[in-house]
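Have a look at work-v1.cif; it's mmCIF, C-alpha atoms; chains and numbers go by the auth columns:
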data_protein
#
loop_
_atom_site.group_PDB
_atom_site.id
_atom_site.type_symbol
_atom_site.label_atom_id
_atom_site.label_comp_id
_atom_site.label_asym_id
_atom_site.label_seq_id
_atom_site.Cartn_x
_atom_site.Cartn_y
_atom_site.Cartn_z
_atom_site.B_iso_or_equiv
_atom_site.auth_seq_id
_atom_site.auth_asym_id
ATOM 1 C CA MET A 1 0.954 -17.429 3.840 0.00 1465 A
ATOM 2 C CA TYR A 2 0.268 -15.327 6.904 0.00 1466 A
ATOM 3 C CA PHE A 3 -3.341 -14.625 7.872 0.00 1467 A
ATOM 4 C CA THR A 4 -2.650 -10.938 7.228 0.00 1468 A
ATOM 5 C CA ASP A 5 -1.575 -11.707 3.642 0.00 1469 A
ATOM 6 C CA ARG A 6 -5.114 -12.629 2.615 0.00 1470 A
ATOM 7 C CA GLY A 7 -5.885 -9.096 1.495 0.00 1471 A
ATOM 8 C CA ILE A 8 -2.655 -8.954 -0.501 0.00 1472 A
ATOM 9 C CA GLU A 9 -3.504 -12.278 -2.144 0.00 1473 A
ATOM 10 C CA GLU A 10 -7.005 -11.046 -2.991 0.00 1474 A
ATOM 11 C CA LEU A 11 -5.598 -7.847 -4.482 0.00 1475 A
ATOM 12 C CA GLU A 12 -3.172 -9.815 -6.615 0.00 1476 A
ATOM 13 C CA ASN A 13 -5.828 -12.294 -7.747 0.00 1477 A
ATOM 14 C CA ARG A 14 -8.489 -9.713 -8.552 0.00 1478 A
ATOM 15 C CA ARG A 15 -6.416 -6.842 -9.935 0.00 1479 A
ATOM 16 C CA GLY A 16 -2.953 -8.234 -10.544 0.00 1480 A
ATOM 17 C CA GLU A 17 -3.195 -7.900 -14.309 0.00 1481 A
ATOM 18 C CA GLU A 18 -4.132 -4.198 -14.209 0.00 1482 A
ATOM 19 C CA GLU A 19 -1.659 -1.413 -14.875 0.00 1483 A
ATOM 20 C CA VAL A 20 -1.983 1.672 -12.690 0.00 1484 A
ATOM 21 C CA THR A 21 0.098 4.735 -11.988 0.00 1485 A
ATOM 22 C CA LEU A 22 1.614 5.525 -8.621 0.00 1486 A
ATOM 23 C CA GLY A 23 -0.471 8.694 -8.720 0.00 1487 A
ATOM 24 C CA TRP A 24 -3.604 6.539 -8.826 0.00 1488 A
ATOM 25 C CA VAL A 25 -2.317 4.432 -5.912 0.00 1489 A
ATOM 26 C CA ALA A 26 -1.557 7.593 -3.909 0.00 1490 A
ATOM 27 C CA GLU A 27 -5.089 8.877 -4.509 0.00 1491 A
ATOM 28 C CA GLN A 28 -6.577 5.553 -3.383 0.00 1492 A
ATOM 29 C CA LEU A 29 -4.443 5.652 -0.224 0.00 1493 A
ATOM 30 C CA ARG A 30 -5.673 9.193 0.509 0.00 1494 A
ATOM 31 C CA THR A 31 -9.280 8.096 0.057 0.00 1495 A
ATOM 32 C CA PHE A 32 -8.720 5.081 2.305 0.00 1496 A
ATOM 33 C CA VAL A 33 -7.240 7.256 5.059 0.00 1497 A
ATOM 34 C CA ASP A 34 -10.101 9.759 4.718 0.00 1498 A
ATOM 35 C CA LEU A 35 -12.563 6.895 5.251 0.00 1499 A
ATOM 36 C CA ASN A 36 -10.425 5.139 7.891 0.00 1500 A
ATOM 37 C CA PRO A 37 -8.460 7.762 9.850 0.00 1501 A
ATOM 38 C CA ASP A 38 -7.242 5.177 12.377 0.00 1502 A
ATOM 39 C CA PHE A 39 -5.039 3.750 9.625 0.00 1503 A
ATOM 40 C CA GLU A 40 -3.288 7.032 8.808 0.00 1504 A
ATOM 41 C CA VAL A 41 0.024 6.105 10.475 0.00 1505 A
ATOM 42 C CA PRO A 42 0.430 2.638 8.885 0.00 1506 A
ATOM 43 C CA VAL A 43 -0.580 3.963 5.451 0.00 1507 A
ATOM 44 C CA GLU A 44 1.902 6.829 5.770 0.00 1508 A
ATOM 45 C CA ARG A 45 4.624 4.372 6.785 0.00 1509 A
ATOM 46 C CA LEU A 46 3.847 2.143 3.806 0.00 1510 A
ATOM 47 C CA ALA A 47 3.849 5.109 1.427 0.00 1511 A
ATOM 48 C CA THR A 48 7.156 6.381 2.814 0.00 1512 A
ATOM 49 C CA TRP A 49 8.694 2.909 2.580 0.00 1513 A
ATOM 50 C CA LEU A 50 7.572 2.554 -1.044 0.00 1514 A
ATOM 51 C CA ALA A 51 8.815 6.039 -1.912 0.00 1515 A
ATOM 52 C CA ARG A 52 12.265 5.317 -0.500 0.00 1516 A
ATOM 53 C CA LEU A 53 12.842 1.781 -1.816 0.00 1517 A
ATOM 54 C CA ASP A 54 15.671 2.891 -4.085 0.00 1518 A
ATOM 55 C CA ASP A 55 17.362 5.213 -1.579 0.00 1519 A
ATOM 56 C CA GLU A 56 20.797 3.818 -0.835 0.00 1520 A
ATOM 57 C CA ASP A 57 21.243 6.022 2.249 0.00 1521 A
ATOM 58 C CA ASP A 58 18.223 4.631 4.124 0.00 1522 A
ATOM 59 C CA ASP A 59 18.530 1.459 6.148 0.00 1523 A
ATOM 60 C CA VAL A 60 15.538 -0.765 5.489 0.00 1524 A
#
As structure tokens, please, write out the structure in this file.
Amino acid sequence: MYFTDRGIEELENRRGEEEVTLGWVAEQLRTFVDLNPDFEVPVERLATWLARLDDEDDDV
């Protein structure tokens, strides 16, 4: 596990059994960016990547 994966591991351990909507996730990302504007670009990149996962035309 990479050092940077610790937050992902914590998320999975603490909330991995919960079911949420993508609308809820989007709202949490907006709130996070409002509170942490320096992270706007990486959050936008993550959101775009997640939104386009099934697009066959995009090279990942």
>> Ranking A:Arg1516, A:Arg1478, A:Arg1470, A:Ala1511 by minimum distance to Arg1494 in chain A and counting all atoms listed in the file, which one comes first?
In response: A:Ala1511
> Counting all atoms listed in the file, which of A:Glu1520, A:Thr1468, A:Leu1499, A:Ala1515 gets nearest to Leu1486 in chain A?
Replying inline: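 With all atoms listed in the file as the atom set, the closest residue is A:Ala1515.
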> CA of Leu1510 in chain A and CA of Leu1493 in chain A are how many Å apart?
Replying inline: 9.9 Å
> In Å, how far is it from CA of Asn1500 in chain A to CA of Glu1483 in chain A?
Replying inline: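 Interatomic distance here is 25.3 Å.
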Would you fill the gaps in range 1478-1498 of chain A so it has N, CA and C atoms, then print it as a short mmCIF file (atom, residue, chain, number, x, y, z; two decimals), in the frame of the given file?
data_model
loop_
_atom_site.label_atom_id
_atom_site.label_comp_id
_atom_site.auth_asym_id
_atom_site.auth_seq_id
_atom_site.Cartn_x
_atom_site.Cartn_y
_atom_site.Cartn_z
N ARG A 1478 -7.41 -10.46 -7.91
CA ARG A 1478 -8.49 -9.71 -8.55
C ARG A 1478 -7.98 -8.62 -9.49
N ARG A 1479 -6.85 -8.01 -9.16
CA ARG A 1479 -6.42 -6.84 -9.94
C ARG A 1479 -4.98 -6.91 -10.39
N GLY A 1480 -4.36 -8.07 -10.24
CA GLY A 1480 -2.95 -8.23 -10.54
C GLY A 1480 -2.56 -7.99 -11.99
N GLU A 1481 -3.50 -8.11 -12.90
CA GLU A 1481 -3.20 -7.90 -14.31
C GLU A 1481 -3.35 -6.44 -14.74
N GLU A 1482 -3.90 -5.60 -13.86
CA GLU A 1482 -4.13 -4.20 -14.21
C GLU A 1482 -2.84 -3.40 -14.14
N GLU A 1483 -2.77 -2.35 -14.94
CA GLU A 1483 -1.66 -1.41 -14.88
C GLU A 1483 -2.21 -0.11 -14.34
N VAL A 1484 -1.56 0.41 -13.30
CA VAL A 1484 -1.98 1.67 -12.69
C VAL A 1484 -0.76 2.54 -12.48
N THR A 1485 -0.99 3.82 -12.29
CA THR A 1485 0.10 4.74 -11.99
C THR A 1485 0.26 4.85 -10.48
N LEU A 1486 1.42 5.29 -10.04
CA LEU A 1486 1.61 5.52 -8.62
C LEU A 1486 0.76 6.70 -8.15
N GLY A 1487 0.44 7.61 -9.05
CA GLY A 1487 -0.47 8.69 -8.72
C GLY A 1487 -1.85 8.17 -8.37
N TRP A 1488 -2.31 7.17 -9.11
CA TRP A 1488 -3.60 6.54 -8.83
C TRP A 1488 -3.55 5.84 -7.47
N VAL A 1489 -2.47 5.11 -7.20
CA VAL A 1489 -2.32 4.43 -5.91
C VAL A 1489 -2.32 5.46 -4.78
N ALA A 1490 -1.60 6.55 -4.94
CA ALA A 1490 -1.56 7.59 -3.91
C ALA A 1490 -2.95 8.14 -3.64
N GLU A 1491 -3.73 8.36 -4.68
CA GLU A 1491 -5.09 8.88 -4.51
C GLU A 1491 -5.97 7.86 -3.77
N GLN A 1492 -5.81 6.58 -4.08
CA GLN A 1492 -6.58 5.55 -3.38
C GLN A 1492 -6.18 5.48 -1.91
N LEU A 1493 -4.90 5.65 -1.62
CA LEU A 1493 -4.44 5.65 -0.22
C LEU A 1493 -5.02 6.85 0.53
N ARG A 1494 -5.07 8.01 -0.13
CA ARG A 1494 -5.67 9.19 0.51
C ARG A 1494 -7.15 8.96 0.81
N THR A 1495 -7.86 8.39 -0.14
CA THR A 1495 -9.28 8.10 0.06
C THR A 1495 -9.47 7.11 1.19
N PHE A 1496 -8.63 6.08 1.24
CA PHE A 1496 -8.72 5.08 2.31
C PHE A 1496 -8.52 5.73 3.67
N VAL A 1497 -7.52 6.60 3.78
CA VAL A 1497 -7.24 7.26 5.06
C VAL A 1497 -8.38 8.21 5.43
N ASP A 1498 -8.96 8.89 4.44
CA ASP A 1498 -10.10 9.76 4.72
C ASP A 1498 -11.26 8.95 5.31
#
